[in-house]
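Colleague: mmCIF, C-alpha atoms and all ligand atoms, file work_22.cif:
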data_upload
#
loop_
_atom_site.group_PDB
_atom_site.id
_atom_site.type_symbol
_atom_site.label_atom_id
_atom_site.label_comp_id
_atom_site.auth_asym_id
_atom_site.auth_seq_id
_atom_site.Cartn_x
_atom_site.Cartn_y
_atom_site.Cartn_z
ATOM 1 C CA MET D 1 161.892 116.064 140.784
ATOM 2 C CA LYS D 2 159.167 118.478 141.859
ATOM 3 C CA ARG D 3 155.840 118.394 140.017
ATOM 4 C CA ASP D 4 153.622 121.326 138.985
ATOM 5 C CA LEU D 5 150.039 121.617 137.797
ATOM 6 C CA ILE D 6 149.969 124.400 135.224
ATOM 7 C CA SER D 7 147.861 122.791 132.505
ATOM 8 C CA MET D 8 145.389 119.909 132.407
ATOM 9 C CA LEU D 9 147.953 118.278 130.122
ATOM 10 C CA ASP D 10 150.231 117.883 133.166
ATOM 11 C CA ILE D 11 147.770 115.401 134.718
ATOM 12 C CA LYS D 12 146.114 113.868 131.666
ATOM 13 C CA ASP D 13 147.546 110.404 132.309
ATOM 14 C CA GLU D 14 146.236 110.262 135.875
ATOM 15 C CA LEU D 15 143.054 112.314 135.626
ATOM 16 C CA LYS D 16 140.714 109.418 136.372
ATOM 17 C CA GLU D 17 142.834 108.301 139.341
ATOM 18 C CA LEU D 18 142.976 111.861 140.656
ATOM 19 C CA ILE D 19 139.187 112.219 140.530
ATOM 20 C CA ASP D 20 138.765 108.853 142.270
ATOM 21 C CA LEU D 21 141.186 109.991 144.988
ATOM 22 C CA ALA D 22 139.304 113.288 145.416
ATOM 23 C CA MET D 23 136.008 111.393 145.796
ATOM 24 C CA THR D 24 137.516 108.960 148.298
ATOM 25 C CA MET D 25 139.071 111.776 150.332
ATOM 26 C CA LYS D 26 135.749 113.652 150.280
ATOM 27 C CA GLY D 27 133.959 110.553 151.636
ATOM 28 C CA GLU D 28 136.545 110.056 154.382
ATOM 29 C CA TRP D 29 136.393 113.740 155.339
ATOM 30 C CA ARG D 30 132.597 113.492 155.584
ATOM 31 C CA GLU D 31 132.993 110.535 157.946
ATOM 32 C CA GLY D 32 135.252 112.665 160.128
ATOM 33 C CA LEU D 33 138.437 110.699 159.423
ATOM 34 C CA GLN D 34 141.648 112.672 159.890
ATOM 35 C CA PHE D 35 144.363 112.694 157.220
ATOM 36 C CA THR D 36 147.128 115.163 158.044
ATOM 37 C CA PRO D 37 150.149 114.524 155.786
ATOM 38 C CA PHE D 38 150.990 118.256 155.684
ATOM 39 C CA LYS D 39 151.652 118.782 159.411
ATOM 40 C CA GLY D 40 154.355 121.435 159.688
ATOM 41 C CA ARG D 41 154.069 122.318 155.992
ATOM 42 C CA THR D 42 153.123 125.692 154.510
ATOM 43 C CA LEU D 43 151.210 126.594 151.369
ATOM 44 C CA GLY D 44 151.924 130.021 149.840
ATOM 45 C CA LEU D 45 149.048 131.610 147.917
ATOM 46 C CA ILE D 46 149.893 134.409 145.467
ATOM 47 C CA PHE D 47 146.916 136.297 144.075
ATOM 48 C CA GLU D 48 147.135 138.909 141.319
ATOM 49 C CA LYS D 49 143.335 138.893 140.954
ATOM 50 C CA PRO D 50 140.429 138.655 143.414
ATOM 51 C CA SER D 51 138.933 135.335 144.538
ATOM 52 C CA LEU D 52 136.384 133.750 146.845
ATOM 53 C CA ARG D 53 136.387 130.040 146.052
ATOM 54 C CA THR D 54 140.050 129.561 145.174
ATOM 55 C CA ARG D 55 141.387 131.293 148.267
ATOM 56 C CA VAL D 56 138.979 129.730 150.740
ATOM 57 C CA SER D 57 139.084 126.225 149.275
ATOM 58 C CA PHE D 58 142.907 126.147 149.211
ATOM 59 C CA GLU D 59 143.295 127.589 152.723
ATOM 60 C CA VAL D 60 140.622 125.417 154.341
ATOM 61 C CA GLY D 61 141.684 122.326 152.377
ATOM 62 C CA PHE D 62 145.352 122.670 153.323
ATOM 63 C CA SER D 63 144.491 123.169 156.982
ATOM 64 C CA GLN D 64 142.330 120.013 156.901
ATOM 65 C CA LEU D 65 145.455 118.220 155.681
ATOM 66 C CA GLY D 66 147.345 119.479 158.726
ATOM 67 C CA GLY D 67 149.193 122.438 157.179
ATOM 68 C CA THR D 68 149.208 126.211 157.384
ATOM 69 C CA SER D 69 148.719 128.662 154.551
ATOM 70 C CA LEU D 70 149.904 132.139 153.804
ATOM 71 C CA TYR D 71 147.829 134.520 151.685
ATOM 72 C CA LEU D 72 149.772 137.048 149.614
ATOM 73 C CA SER D 73 147.434 139.674 148.198
ATOM 74 C CA PRO D 74 147.622 141.415 144.790
ATOM 75 C CA THR D 75 149.375 144.448 146.318
ATOM 76 C CA GLU D 76 151.812 142.360 148.361
ATOM 77 C CA ILE D 77 154.481 140.792 146.155
ATOM 78 C CA GLN D 78 153.705 142.393 142.781
ATOM 79 C CA VAL D 79 155.395 139.581 140.887
ATOM 80 C CA GLY D 80 157.515 140.921 138.052
ATOM 81 C CA LYS D 81 157.133 144.540 139.185
ATOM 82 C CA ARG D 82 158.619 144.852 142.661
ATOM 83 C CA GLU D 83 160.791 141.799 142.062
ATOM 84 C CA SER D 84 161.490 139.436 139.150
ATOM 85 C CA VAL D 85 159.472 136.222 138.804
ATOM 86 C CA HIS D 86 162.743 134.313 139.074
ATOM 87 C CA ASP D 87 163.647 135.859 142.443
ATOM 88 C CA VAL D 88 160.102 135.504 143.821
ATOM 89 C CA GLY D 89 160.180 131.786 142.974
ATOM 90 C CA LYS D 90 163.611 131.253 144.531
ATOM 91 C CA VAL D 91 162.839 133.195 147.722
ATOM 92 C CA LEU D 92 159.390 131.718 148.327
ATOM 93 C CA SER D 93 160.768 128.202 147.829
ATOM 94 C CA ARG D 94 163.003 128.785 150.880
ATOM 95 C CA PHE D 95 159.942 129.364 153.067
ATOM 96 C CA VAL D 96 156.971 127.409 151.750
ATOM 97 C CA ASP D 97 156.491 123.801 150.608
ATOM 98 C CA ILE D 98 154.030 124.428 147.775
ATOM 99 C CA ILE D 99 152.815 127.530 145.913
ATOM 100 C CA MET D 100 149.408 128.333 144.436
ATOM 101 C CA TYR D 101 149.519 131.197 141.942
ATOM 102 C CA ARG D 102 146.636 133.143 140.358
ATOM 103 C CA ALA D 103 148.150 135.190 137.558
ATOM 104 C CA PHE D 104 147.175 137.502 134.742
ATOM 105 C CA LYS D 105 149.589 135.903 132.273
ATOM 106 C CA ASN D 106 150.272 132.258 131.558
ATOM 107 C CA GLU D 107 153.883 133.226 130.716
ATOM 108 C CA MET D 108 154.359 134.428 134.298
ATOM 109 C CA MET D 109 152.837 131.187 135.601
ATOM 110 C CA MET D 110 155.278 129.112 133.517
ATOM 111 C CA GLU D 111 158.163 131.288 134.586
ATOM 112 C CA LEU D 112 157.340 130.897 138.272
ATOM 113 C CA ALA D 113 156.999 127.127 137.909
ATOM 114 C CA LYS D 114 160.359 127.033 136.124
ATOM 115 C CA HIS D 115 162.227 128.864 138.870
ATOM 116 C CA ALA D 116 160.443 127.724 142.018
ATOM 117 C CA ASP D 117 161.998 124.685 143.684
ATOM 118 C CA VAL D 118 158.636 123.587 145.113
ATOM 119 C CA PRO D 119 155.435 122.541 143.276
ATOM 120 C CA VAL D 120 153.405 125.344 141.672
ATOM 121 C CA VAL D 121 149.647 124.963 141.196
ATOM 122 C CA ASN D 122 147.836 127.159 138.685
ATOM 123 C CA GLY D 123 144.926 128.837 140.490
ATOM 124 C CA LEU D 124 143.806 130.443 137.196
ATOM 125 C CA ASP D 125 145.591 132.422 134.521
ATOM 126 C CA ASP D 126 144.519 133.817 131.151
ATOM 127 C CA LYS D 127 144.980 130.427 129.486
ATOM 128 C CA GLU D 128 143.716 127.791 131.932
ATOM 129 C CA HIS D 129 141.952 127.067 135.223
ATOM 130 C CA PRO D 130 142.898 123.421 135.805
ATOM 131 C CA CYS D 131 141.752 123.149 139.456
ATOM 132 C CA GLN D 132 138.311 124.244 138.310
ATOM 133 C CA ALA D 133 138.178 121.627 135.562
ATOM 134 C CA VAL D 134 139.250 118.801 137.900
ATOM 135 C CA ALA D 135 136.518 119.823 140.372
ATOM 136 C CA ASP D 136 133.997 120.059 137.523
ATOM 137 C CA LEU D 137 134.804 116.624 136.114
ATOM 138 C CA MET D 138 134.643 115.226 139.658
ATOM 139 C CA THR D 139 131.184 116.792 140.107
ATOM 140 C CA MET D 140 129.981 115.384 136.784
ATOM 141 C CA THR D 141 131.322 111.947 137.773
ATOM 142 C CA GLU D 142 129.535 112.087 141.148
ATOM 143 C CA ILE D 143 126.238 112.846 139.437
ATOM 144 C CA LYS D 144 126.461 110.981 136.124
ATOM 145 C CA GLY D 145 128.819 108.115 136.907
ATOM 146 C CA THR D 146 131.098 107.364 133.979
ATOM 147 C CA LEU D 147 131.515 110.285 131.582
ATOM 148 C CA LYS D 148 132.246 108.085 128.535
ATOM 149 C CA GLY D 149 129.853 108.991 125.739
ATOM 150 C CA ARG D 150 128.302 111.902 127.683
ATOM 151 C CA THR D 151 128.205 115.396 126.192
ATOM 152 C CA LEU D 152 129.258 118.674 127.744
ATOM 153 C CA ALA D 153 127.786 121.791 126.116
ATOM 154 C CA TRP D 154 129.647 125.040 126.715
ATOM 155 C CA VAL D 155 127.840 128.289 125.984
ATOM 156 C CA GLY D 156 129.735 131.586 125.927
ATOM 157 C CA ASP D 157 133.331 132.786 125.955
ATOM 158 C CA GLY D 158 136.177 130.612 124.655
ATOM 159 C CA ASN D 159 138.110 131.333 127.847
ATOM 160 C CA ASN D 160 140.463 129.781 130.423
ATOM 161 C CA VAL D 161 137.779 127.550 131.983
ATOM 162 C CA LEU D 162 136.722 126.205 128.577
ATOM 163 C CA HIS D 163 140.369 125.535 127.693
ATOM 164 C CA SER D 164 140.865 123.380 130.792
ATOM 165 C CA LEU D 165 137.589 121.523 130.215
ATOM 166 C CA LEU D 166 138.595 120.929 126.576
ATOM 167 C CA LEU D 167 141.859 119.376 127.768
ATOM 168 C CA GLY D 168 140.108 117.287 130.434
ATOM 169 C CA ALA D 169 136.681 116.055 129.326
ATOM 170 C CA PRO D 170 137.860 114.204 126.170
ATOM 171 C CA VAL D 171 140.492 112.379 128.257
ATOM 172 C CA LEU D 172 137.566 110.779 130.120
ATOM 173 C CA GLY D 173 135.740 109.987 126.858
ATOM 174 C CA MET D 174 133.348 112.930 127.126
ATOM 175 C CA ASN D 175 132.265 114.852 124.010
ATOM 176 C CA VAL D 176 132.472 118.648 124.050
ATOM 177 C CA LYS D 177 130.292 120.994 122.004
ATOM 178 C CA ALA D 178 131.185 124.635 122.563
ATOM 179 C CA ALA D 179 129.138 127.533 121.195
ATOM 180 C CA CYS D 180 131.067 130.804 121.171
ATOM 181 C CA PRO D 181 130.369 134.020 119.264
ATOM 182 C CA LYS D 182 132.613 134.805 116.315
ATOM 183 C CA GLY D 183 135.852 136.325 117.592
ATOM 184 C CA TYR D 184 135.566 134.655 121.024
ATOM 185 C CA GLU D 185 136.504 131.097 120.050
ATOM 186 C CA PRO D 186 138.923 129.054 122.185
ATOM 187 C CA ASP D 187 142.627 128.989 121.269
ATOM 188 C CA PRO D 188 143.029 126.847 118.102
ATOM 189 C CA ASP D 189 146.069 125.061 119.597
ATOM 190 C CA VAL D 190 143.980 123.974 122.578
ATOM 191 C CA VAL D 191 141.168 122.799 120.279
ATOM 192 C CA LYS D 192 143.657 120.817 118.185
ATOM 193 C CA LYS D 193 145.113 119.150 121.273
ATOM 194 C CA ALA D 194 141.603 118.459 122.616
ATOM 195 C CA SER D 195 140.603 116.801 119.326
ATOM 196 C CA GLU D 196 143.707 114.593 119.452
ATOM 197 C CA LEU D 197 142.873 113.567 123.021
ATOM 198 C CA GLY D 198 139.286 112.958 121.908
ATOM 199 C CA LYS D 199 140.403 110.715 119.053
ATOM 200 C CA LYS D 200 142.345 108.538 121.479
ATOM 201 C CA ASN D 201 139.335 108.222 123.773
ATOM 202 C CA LYS D 202 136.461 108.092 121.254
ATOM 203 C CA ALA D 203 135.185 111.550 122.121
ATOM 204 C CA SER D 204 134.358 114.389 119.747
ATOM 205 C CA VAL D 205 135.213 118.074 120.066
ATOM 206 C CA GLN D 206 133.121 120.599 118.139
ATOM 207 C CA ILE D 207 133.320 124.397 118.182
ATOM 208 C CA MET D 208 130.287 126.221 116.788
ATOM 209 C CA THR D 209 128.450 129.525 117.022
ATOM 210 C CA ASP D 210 124.850 128.361 117.627
ATOM 211 C CA PRO D 211 124.084 127.832 121.345
ATOM 212 C CA ARG D 212 120.953 125.824 120.528
ATOM 213 C CA GLU D 213 122.927 123.350 118.457
ATOM 214 C CA ALA D 214 125.448 122.948 121.294
ATOM 215 C CA VAL D 215 122.873 122.426 124.042
ATOM 216 C CA LYS D 216 120.584 120.057 122.121
ATOM 217 C CA GLY D 217 120.722 116.634 123.783
ATOM 218 C CA ALA D 218 123.609 117.569 126.130
ATOM 219 C CA ASP D 219 124.104 115.966 129.560
ATOM 220 C CA VAL D 220 125.787 119.034 131.050
ATOM 221 C CA VAL D 221 125.237 122.699 130.172
ATOM 222 C CA TYR D 222 128.052 124.979 131.335
ATOM 223 C CA THR D 223 128.549 128.712 131.112
ATOM 224 C CA ASP D 224 130.879 131.316 132.604
ATOM 225 C CA THR D 225 131.096 135.091 132.841
ATOM 226 C CA TRP D 226 131.148 137.087 129.615
ATOM 227 C CA VAL D 227 133.821 139.378 131.055
ATOM 228 C CA SER D 228 136.722 137.515 132.638
ATOM 229 C CA MET D 229 139.124 139.165 135.064
ATOM 230 C CA GLY D 230 141.469 141.194 132.859
ATOM 231 C CA ASP D 231 138.851 141.765 130.109
ATOM 232 C CA GLU D 232 137.048 144.624 131.878
ATOM 233 C CA ALA D 233 138.067 147.206 129.249
ATOM 234 C CA GLU D 234 135.972 145.269 126.697
ATOM 235 C CA MET D 235 132.897 145.103 128.963
ATOM 236 C CA GLU D 236 130.492 147.077 126.786
ATOM 237 C CA ARG D 237 131.324 145.245 123.549
ATOM 238 C CA ARG D 238 131.248 141.874 125.281
ATOM 239 C CA LEU D 239 127.851 142.415 126.897
ATOM 240 C CA ARG D 240 126.495 143.224 123.440
ATOM 241 C CA ASP D 241 128.194 140.345 121.597
ATOM 242 C CA PHE D 242 127.261 137.717 124.182
ATOM 243 C CA SER D 243 123.605 138.651 124.679
ATOM 244 C CA PRO D 244 122.308 135.803 122.429
ATOM 245 C CA TYR D 245 124.352 133.364 124.558
ATOM 246 C CA GLN D 246 122.390 133.618 127.808
ATOM 247 C CA VAL D 247 121.573 130.269 129.418
ATOM 248 C CA ASN D 248 117.871 130.668 130.213
ATOM 249 C CA MET D 249 115.141 128.049 130.662
ATOM 250 C CA GLU D 250 114.277 128.099 126.986
ATOM 251 C CA LEU D 251 117.838 127.189 126.020
ATOM 252 C CA PHE D 252 118.373 124.780 128.944
ATOM 253 C CA SER D 253 115.184 122.875 128.009
ATOM 254 C CA LEU D 254 116.857 121.755 124.760
ATOM 255 C CA ALA D 255 119.310 119.648 126.752
ATOM 256 C CA ARG D 256 118.432 116.160 128.003
ATOM 257 C CA PRO D 257 115.646 116.160 130.620
ATOM 258 C CA ASP D 258 118.156 115.020 133.251
ATOM 259 C CA ALA D 259 120.849 117.503 132.163
ATOM 260 C CA ILE D 260 122.629 119.467 134.875
ATOM 261 C CA PHE D 261 123.650 123.118 134.851
ATOM 262 C CA MET D 262 127.189 124.131 135.850
ATOM 263 C CA HIS D 263 129.028 127.431 136.322
ATOM 264 C CA CYS D 264 132.465 127.955 137.857
ATOM 265 C CA LEU D 265 131.132 131.115 139.634
ATOM 266 C CA PRO D 266 131.089 134.005 140.272
ATOM 267 C CA ALA D 267 127.866 134.212 138.221
ATOM 268 C CA HIS D 268 126.293 137.355 136.851
ATOM 269 C CA ARG D 269 122.616 136.565 137.205
ATOM 270 C CA GLY D 270 120.623 138.112 134.386
ATOM 271 C CA GLN D 271 123.652 138.117 132.067
ATOM 272 C CA GLU D 272 125.139 134.713 131.175
ATOM 273 C CA VAL D 273 122.518 132.851 133.253
ATOM 274 C CA THR D 274 119.021 133.546 134.529
ATOM 275 C CA ASP D 275 117.888 133.028 138.137
ATOM 276 C CA ASP D 276 115.517 130.198 137.239
ATOM 277 C CA VAL D 277 118.376 128.140 135.746
ATOM 278 C CA MET D 278 120.873 128.993 138.542
ATOM 279 C CA ASP D 279 118.323 128.098 141.223
ATOM 280 C CA SER D 280 116.734 125.124 139.464
ATOM 281 C CA PRO D 281 116.958 121.666 141.069
ATOM 282 C CA ARG D 282 119.203 120.657 138.175
ATOM 283 C CA SER D 283 121.759 123.364 138.945
ATOM 284 C CA VAL D 284 124.769 121.833 140.725
ATOM 285 C CA VAL D 285 126.824 125.014 141.076
ATOM 286 C CA PHE D 286 127.292 124.829 144.854
ATOM 287 C CA GLN D 287 128.273 121.156 144.864
ATOM 288 C CA GLU D 288 130.697 122.164 142.120
ATOM 289 C CA ALA D 289 132.066 124.996 144.288
ATOM 290 C CA GLU D 290 132.522 122.661 147.291
ATOM 291 C CA ASN D 291 134.351 120.178 145.117
ATOM 292 C CA ARG D 292 137.057 122.742 144.430
ATOM 293 C CA MET D 293 138.323 121.982 147.911
ATOM 294 C CA HIS D 294 138.185 118.193 147.587
ATOM 295 C CA ALA D 295 139.781 118.229 144.136
ATOM 296 C CA GLN D 296 142.610 120.535 145.240
ATOM 297 C CA LYS D 297 143.319 118.462 148.355
ATOM 298 C CA ALA D 298 143.781 115.442 146.081
ATOM 299 C CA ILE D 299 145.917 117.494 143.654
ATOM 300 C CA MET D 300 148.251 118.686 146.436
ATOM 301 C CA VAL D 301 148.510 115.217 147.959
ATOM 302 C CA ARG D 302 149.482 113.776 144.556
ATOM 303 C CA LEU D 303 151.934 116.540 143.637
ATOM 304 C CA MET D 304 153.676 116.149 146.978
ATOM 305 C CA GLY D 305 153.769 112.366 146.709
ATOM 306 C CA LYS D 306 151.596 111.672 149.738
ATOM 307 C CA LYS D 307 149.285 109.148 147.966
HETATM 308 N N1 LIG D 401 135.667 129.695 140.345
HETATM 309 C C1 LIG D 401 136.629 130.431 140.936
HETATM 310 O O1 LIG D 401 137.815 130.237 140.680
HETATM 311 O O2 LIG D 401 136.186 131.358 141.816
HETATM 312 P P1 LIG D 401 137.063 132.521 142.489
HETATM 313 O O3 LIG D 401 137.477 133.449 141.394
HETATM 314 O O4 LIG D 401 136.135 133.174 143.476
HETATM 315 O O5 LIG D 401 138.245 131.907 143.149
HETATM 316 N N1 LIG D 402 136.760 133.035 133.278
HETATM 317 C C1 LIG D 402 136.684 133.629 134.595
HETATM 318 C C2 LIG D 402 136.740 132.571 135.645
HETATM 319 C C3 LIG D 402 136.600 133.075 137.060
HETATM 320 C C4 LIG D 402 136.739 131.989 138.061
HETATM 321 C C5 LIG D 402 137.827 134.623 134.764
HETATM 322 O O1 LIG D 402 138.936 134.338 134.310
HETATM 323 O O2 LIG D 402 137.594 135.699 135.324
#
Have the structure of the file written as structure tokens, please.

Modeller:
Amino acid sequence: MKRDLISMLDIKDELKELIDLAMTMKGEWREGLQFTPFKGRTLGLIFEKPSLRTRVSFEVGFSQLGGTSLYLSPTEIQVGKRESVHDVGKVLSRFVDIIMYRAFKNEMMMELAKHADVPVVNGLDDKEHPCQAVADLMTMTEIKGTLKGRTLAWVGDGNNVLHSLLLGAPVLGMNVKAACPKGYEPDPDVVKKASELGKKNKASVQIMTDPREAVKGADVVYTDTWVSMGDEAEMERRLRDFSPYQVNMELFSLARPDAIFMHCLPAHRGQEVTDDVMDSPRSVVFQEAENRMHAQKAIMVRLMGKK
């Protein structure tokens, strides 16, 4: 049976193992050791939205594992417009061994995974960004060691990245405090699931509106854009509603003195984060970006049964 990664829930029982594998593979790669289980294999990348990190980290990562990748741009396939999701999944499965899909709609993602005969990896949709969350939890583990009892403070939009972190951090025993403006809270079903996962692992999940309350005493302070891809029509209203949610030095200083700053990038300096926080020695955003590649290599190796 083929395996997909659409939601963090798909890997919740092996999250710790997956992060350990990503860290081991990163160490071996740094030592120059070759591991090429994907010789002769092809990764298909379907993008409905732009990308820097996701495209480059998947392409470079897959080639390090011995394979070749094929980039299909937003104008190329036009999933669901030029051709049905069903037919795209069936046809692509005849050519490639694994598919990464960045989609506008989670329903399309699920549909593609249902009909493709090869593994489908979610490279971001409107509901989740699981590859990002695995890389983020790996980065936190590298810096903080065990995440049990640590606290992640999220400041900003209750979006796809928050959803994946909510479904990942509590699995590792990490508390989550998310401050979102009224009307921009995360999906209540995701919060409910996150709280259940937290209960099992002695971690708490709290959604609030006050960014100061969220950041106070946190080990990690995380923010993301106020205007996600697909939300551009709401730009003006969002910039206004989110202005009290900027992560600046004043807010960041309420966290623990050894707290780190994280952002999935791309960042909008001067909006959700100020330069002094982005460029501070406690900002780990570029280590976090690099770890996208290591995390995804481990994800693909696991999904394809190579480790
Ligand atoms: N963080 C992230 O997914 O970046 P891209 O949109 O550039 O891929
Ligand atoms: N929340 C952002 C993440 C970008 C990587 C978006 O969906 O645009």

Colleague: Can you translate the PyMOL selection byres (((chain D and resi 176-182) around 10) and not hetatm) into the concrete residues it hits in this file, as a PyMOL selection string?

Modeller: chain D and resi 150-159+162+165-166+169-170+173-175+183-186+194-195+198+203-216+218+220-223+238+241-245

Colleague: Would you compute, for all listed atoms of stretch 246-252 of chain D, the axis-aligned bounding box grown by 5 Å on each side, and then report its centre and edge lengths in Å rounded to one decimal, as lines of an AutoDock Vina configuration file?

Modeller:
center_x = 118.3
center_y = 129.2
center_z = 128.3
size_x = 18.1
size_y = 18.8
size_z = 14.6

Colleague: Grab the atom CA of D:Asp189 to atom CA of D:Asn160 distance for me, in Å with one decimal place.

Modeller: 13.1 Å

Colleague: So which residues are near ligand LIG 401 (chain D), meaning at most 12 Å away with all atoms listed in the file counted, given back as a count of residues only?

Modeller: 53

Colleague: Within 12 Å of D:Asp279, counting only C-alpha atoms, which residues qualify if same-chain residues fewer than 3 places away don't, as a ChimeraX atom specification?

Modeller: /D:248-249,260-263,267,269,273-276,282-286
